[in-house]
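Here is the structure we will look at.
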Amino acid sequence: THTTMFLGERVVMLSVDDLGAMFDWLDRNLQTGGHVLLFEMGKAASRADVRELRETYGLEGRDLLEAFLALRIAAGWFSYEVVEYDEEAMRFVVRLYGSFECAFFAGRGRSMGHLVRGILAGAFGEVYGREFRVREVKCVAKGDECCEFVVELAK
């Protein structure tokens, strides 16, 4: 059998259009429920990935988070810029460029980065052992130049 490998793990490749059609179906048919599903799926996946990075490479804190984000670049998810990183206040701002999730929804007029919101919530949560709230304050689906997420401790 033929399998595709990426960094020692089996992966499947889907086009951004295929993923966009799936995410669009969730948005149209399940609305907020679909957004919650994407968020929770992203959260679960990123927690597992961060745990594996920690165990394999012994990384912690910002190094662990940057390694996690760098792997998303390598996988073609997005490029990123950390705009604010305040471990004391536990407040972080991350900008994403070319996010596969939101590119499909250009012109939708509202934020559509639900999977990525979950991925960030899970990654920060696993790195710092706390629960985080993630808000998408800019989104290419709304016409912004990038997607920007504010990550703060959950109240």
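Each chain of the structure tokens is named A, B, ... in the order shown, its residues numbered from 1; ligands are numbered from 1 in display order.
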
For this session: List every residue of chain A that DSSP, applied to the backbone of this structure, assigns to alpha helix (DSSP H), and report them as a VMD selection string.
Result: chain A and resid 16 to 30 32 to 57 61 to 74 100 to 103 114 to 128

Output C-alpha atoms of each residue in that selection to a file, as an mmCIF file, in the first residue's frame.
```
data_model
loop_
_atom_site.group_PDB
_atom_site.id
_atom_site.type_symbol
_atom_site.label_atom_id
_atom_site.label_comp_id
_atom_site.auth_asym_id
_atom_site.auth_seq_id
_atom_site.Cartn_x
_atom_site.Cartn_y
_atom_site.Cartn_z
ATOM 1 C CA VAL A 16 -7.804 23.675 0.332
ATOM 2 C CA ASP A 17 -10.932 23.663 -1.844
ATOM 3 C CA ASP A 18 -11.948 20.221 -0.510
ATOM 4 C CA LEU A 19 -11.377 21.294 3.093
ATOM 5 C CA GLY A 20 -13.144 24.578 2.419
ATOM 6 C CA ALA A 21 -16.170 22.718 1.053
ATOM 7 C CA MET A 22 -16.271 20.582 4.220
ATOM 8 C CA PHE A 23 -15.924 23.605 6.499
ATOM 9 C CA ASP A 24 -18.531 25.472 4.441
ATOM 10 C CA TRP A 25 -20.970 22.563 4.883
ATOM 11 C CA LEU A 26 -20.417 22.710 8.660
ATOM 12 C CA ASP A 27 -20.945 26.478 8.637
ATOM 13 C CA ARG A 28 -24.126 26.344 6.548
ATOM 14 C CA ASN A 29 -25.731 23.271 8.151
ATOM 15 C CA LEU A 30 -24.580 23.331 11.759
ATOM 16 C CA THR A 32 -22.372 27.718 15.626
ATOM 17 C CA GLY A 33 -22.404 23.985 16.369
ATOM 18 C CA GLY A 34 -20.094 23.401 13.416
ATOM 19 C CA HIS A 35 -17.776 26.138 14.641
ATOM 20 C CA VAL A 36 -17.646 24.481 18.080
ATOM 21 C CA LEU A 37 -16.824 21.114 16.484
ATOM 22 C CA LEU A 38 -13.947 22.619 14.501
ATOM 23 C CA PHE A 39 -12.671 24.465 17.579
ATOM 24 C CA GLU A 40 -12.733 21.350 19.779
ATOM 25 C CA MET A 41 -11.150 19.179 17.075
ATOM 26 C CA GLY A 42 -8.318 21.682 16.686
ATOM 27 C CA LYS A 43 -7.852 21.900 20.438
ATOM 28 C CA ALA A 44 -7.582 18.114 20.851
ATOM 29 C CA ALA A 45 -5.155 17.717 17.933
ATOM 30 C CA SER A 46 -2.827 20.522 19.007
ATOM 31 C CA ARG A 47 -2.645 19.327 22.630
ATOM 32 C CA ALA A 48 -1.492 15.914 21.402
ATOM 33 C CA ASP A 49 1.070 17.467 19.022
ATOM 34 C CA VAL A 50 2.493 19.743 21.730
ATOM 35 C CA ARG A 51 2.770 16.835 24.189
ATOM 36 C CA GLU A 52 4.682 14.842 21.588
ATOM 37 C CA LEU A 53 7.053 17.751 20.871
ATOM 38 C CA ARG A 54 7.668 18.212 24.602
ATOM 39 C CA GLU A 55 8.376 14.514 25.159
ATOM 40 C CA THR A 56 10.523 14.095 22.045
ATOM 41 C CA TYR A 57 12.620 17.268 22.216
ATOM 42 C CA GLY A 61 7.507 27.634 27.003
ATOM 43 C CA ARG A 62 7.955 29.789 23.949
ATOM 44 C CA ASP A 63 10.425 27.358 22.352
ATOM 45 C CA LEU A 64 7.780 24.643 22.478
ATOM 46 C CA LEU A 65 5.103 26.909 21.040
ATOM 47 C CA GLU A 66 7.363 28.195 18.248
ATOM 48 C CA ALA A 67 8.301 24.607 17.299
ATOM 49 C CA PHE A 68 4.605 23.719 17.129
ATOM 50 C CA LEU A 69 3.855 26.753 14.921
ATOM 51 C CA ALA A 70 6.893 26.109 12.711
ATOM 52 C CA LEU A 71 5.588 22.616 11.985
ATOM 53 C CA ARG A 72 2.303 24.164 10.803
ATOM 54 C CA ILE A 73 4.330 26.286 8.348
ATOM 55 C CA ALA A 74 6.115 23.167 7.090
ATOM 56 C CA PHE A 100 -5.691 27.580 4.612
ATOM 57 C CA GLU A 101 -8.847 27.652 6.720
ATOM 58 C CA CYS A 102 -9.841 31.237 5.981
ATOM 59 C CA ALA A 103 -8.579 31.585 2.402
ATOM 60 C CA HIS A 114 -12.579 28.204 14.081
ATOM 61 C CA LEU A 115 -10.217 25.226 13.669
ATOM 62 C CA VAL A 116 -7.172 27.469 14.049
ATOM 63 C CA ARG A 117 -8.712 29.139 17.135
ATOM 64 C CA GLY A 118 -8.954 25.682 18.674
ATOM 65 C CA ILE A 119 -5.444 24.792 17.609
ATOM 66 C CA LEU A 120 -4.080 27.898 19.316
ATOM 67 C CA ALA A 121 -6.206 27.354 22.449
ATOM 68 C CA GLY A 122 -4.990 23.770 22.717
ATOM 69 C CA ALA A 123 -1.342 24.568 21.996
ATOM 70 C CA PHE A 124 -1.125 27.440 24.498
ATOM 71 C CA GLY A 125 -3.123 25.399 27.011
ATOM 72 C CA GLU A 126 -0.761 22.444 26.749
ATOM 73 C CA VAL A 127 2.357 24.637 26.871
ATOM 74 C CA TYR A 128 1.240 26.538 29.988
#
```

Exercise. Where does DSSP see strand (DSSP E) in chain A, if you list the residues as number ranges by chain?
Worked result: A: 4-6, 9-11, 79-86, 91-97, 132-138, 147-153

Generate the output file for the selected residues, N, CA and C atoms, as a short mmCIF file (atom, residue, chain, number, x, y, z; two decimals), in the first residue's frame.
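Final file, out38.cif:
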```cif
data_model
loop_
_atom_site.label_atom_id
_atom_site.label_comp_id
_atom_site.auth_asym_id
_atom_site.auth_seq_id
_atom_site.Cartn_x
_atom_site.Cartn_y
_atom_site.Cartn_z
N THR A 4 1.62 8.35 2.37
CA THR A 4 2.41 9.57 2.33
C THR A 4 2.85 9.88 3.75
N MET A 5 4.15 10.14 3.90
CA MET A 5 4.71 10.40 5.22
C MET A 5 5.20 11.84 5.31
N PHE A 6 5.05 12.44 6.49
CA PHE A 6 5.56 13.77 6.78
C PHE A 6 6.11 13.74 8.20
N GLU A 9 5.25 10.63 10.23
CA GLU A 9 3.85 10.30 10.46
C GLU A 9 3.12 10.17 9.13
N ARG A 10 2.17 9.24 9.09
CA ARG A 10 1.35 9.12 7.89
C ARG A 10 0.42 10.33 7.81
N VAL A 11 0.33 10.92 6.63
CA VAL A 11 -0.56 12.05 6.40
C VAL A 11 -1.41 11.77 5.17
N SER A 79 1.73 30.92 7.48
CA SER A 79 2.94 31.48 8.09
C SER A 79 2.44 32.36 9.24
N TYR A 80 3.32 32.67 10.16
CA TYR A 80 2.85 33.38 11.34
C TYR A 80 3.86 34.41 11.81
N GLU A 81 3.35 35.31 12.64
CA GLU A 81 4.15 36.32 13.31
C GLU A 81 3.58 36.47 14.71
N VAL A 82 4.45 36.38 15.71
CA VAL A 82 4.02 36.63 17.08
C VAL A 82 4.15 38.13 17.32
N VAL A 83 3.02 38.79 17.56
CA VAL A 83 2.99 40.24 17.72
C VAL A 83 3.18 40.62 19.18
N GLU A 84 2.62 39.80 20.07
CA GLU A 84 2.74 40.07 21.51
C GLU A 84 2.91 38.73 22.21
N TYR A 85 3.88 38.66 23.14
CA TYR A 85 4.11 37.42 23.89
C TYR A 85 4.42 37.80 25.33
N ASP A 86 3.39 37.83 26.15
CA ASP A 86 3.53 38.28 27.53
C ASP A 86 3.18 37.13 28.47
N ARG A 91 -0.95 36.81 28.00
CA ARG A 91 -1.67 37.41 26.86
C ARG A 91 -0.74 37.36 25.66
N PHE A 92 -1.28 36.86 24.56
CA PHE A 92 -0.48 36.65 23.36
C PHE A 92 -1.29 37.08 22.15
N VAL A 93 -0.61 37.61 21.15
CA VAL A 93 -1.26 37.96 19.90
C VAL A 93 -0.45 37.33 18.77
N VAL A 94 -1.14 36.57 17.93
CA VAL A 94 -0.49 35.85 16.84
C VAL A 94 -1.20 36.23 15.54
N ARG A 95 -0.40 36.60 14.53
CA ARG A 95 -0.95 36.89 13.20
C ARG A 95 -0.60 35.73 12.28
N LEU A 96 -1.60 35.34 11.49
CA LEU A 96 -1.39 34.28 10.52
C LEU A 96 -1.58 34.85 9.12
N TYR A 97 -0.71 34.42 8.23
CA TYR A 97 -0.77 34.83 6.84
C TYR A 97 -1.00 33.58 5.99
N PHE A 132 -7.17 28.61 27.87
CA PHE A 132 -7.11 29.90 27.20
C PHE A 132 -8.34 30.14 26.34
N ARG A 133 -8.69 31.41 26.25
CA ARG A 133 -9.73 31.88 25.34
C ARG A 133 -9.02 32.48 24.15
N VAL A 134 -9.48 32.19 22.96
CA VAL A 134 -8.86 32.72 21.74
C VAL A 134 -9.93 33.44 20.93
N ARG A 135 -9.66 34.70 20.62
CA ARG A 135 -10.56 35.50 19.78
C ARG A 135 -9.86 35.83 18.47
N GLU A 136 -10.57 35.67 17.38
CA GLU A 136 -10.03 36.08 16.08
C GLU A 136 -10.52 37.50 15.82
N VAL A 137 -9.61 38.48 15.92
CA VAL A 137 -9.99 39.88 15.81
C VAL A 137 -9.81 40.44 14.40
N LYS A 138 -9.04 39.74 13.58
CA LYS A 138 -8.91 40.06 12.16
C LYS A 138 -9.00 38.74 11.40
N CYS A 147 -5.06 37.05 9.41
CA CYS A 147 -5.91 36.61 10.52
C CYS A 147 -5.11 36.89 11.80
N GLU A 148 -5.75 37.53 12.76
CA GLU A 148 -5.05 37.87 14.01
C GLU A 148 -5.86 37.32 15.17
N PHE A 149 -5.15 36.63 16.06
CA PHE A 149 -5.78 35.97 17.20
C PHE A 149 -5.21 36.51 18.50
N VAL A 150 -6.11 36.83 19.42
CA VAL A 150 -5.72 37.25 20.77
C VAL A 150 -5.96 36.05 21.68
N VAL A 151 -4.90 35.64 22.38
CA VAL A 151 -4.94 34.47 23.25
C VAL A 151 -4.78 34.96 24.68
N GLU A 152 -5.80 34.71 25.52
CA GLU A 152 -5.79 35.17 26.92
C GLU A 152 -6.30 34.06 27.81
N LEU A 153 -5.94 34.14 29.08
CA LEU A 153 -6.45 33.16 30.03
C LEU A 153 -7.96 33.17 30.03
#
```

Exercise. Quick one, how far is CA of Phe105 (chain A) from CA of Trp77 (chain A)?
Worked result: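 Separation between CA of Phe105 (chain A) and CA of Trp77 (chain A): 15.0 Å.
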
For this session: Could you check which of A:Arg110, A:Glu131, A:Ser99, A:Cys139 is closest to Phe78 (chain A), using only C-alpha atoms?
Result: A:Ser99

Seminar exercise, completed: In Å and to one decimal, CA of Gly76 (chain A) is distant from CA of Gly113 (chain A) by 15.5 Å

Problem set entry | Pairwise distance for CA of Arg108 (chain A) and CA of Gly143 (chain A), rounded to one decimal in Å |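 Separating CA of Arg108 (chain A) from CA of Gly143 (chain A) is a distance of 8.4 Å.
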
Exercise. Nearest to Ser15 (chain A): which of A:Lys155, A:Glu145, A:Phe104, A:Ser111 is it, counting only C-alpha atoms?
Worked result: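 The shortest atom-to-atom distance to Ser15 (chain A) comes from A:Phe104.
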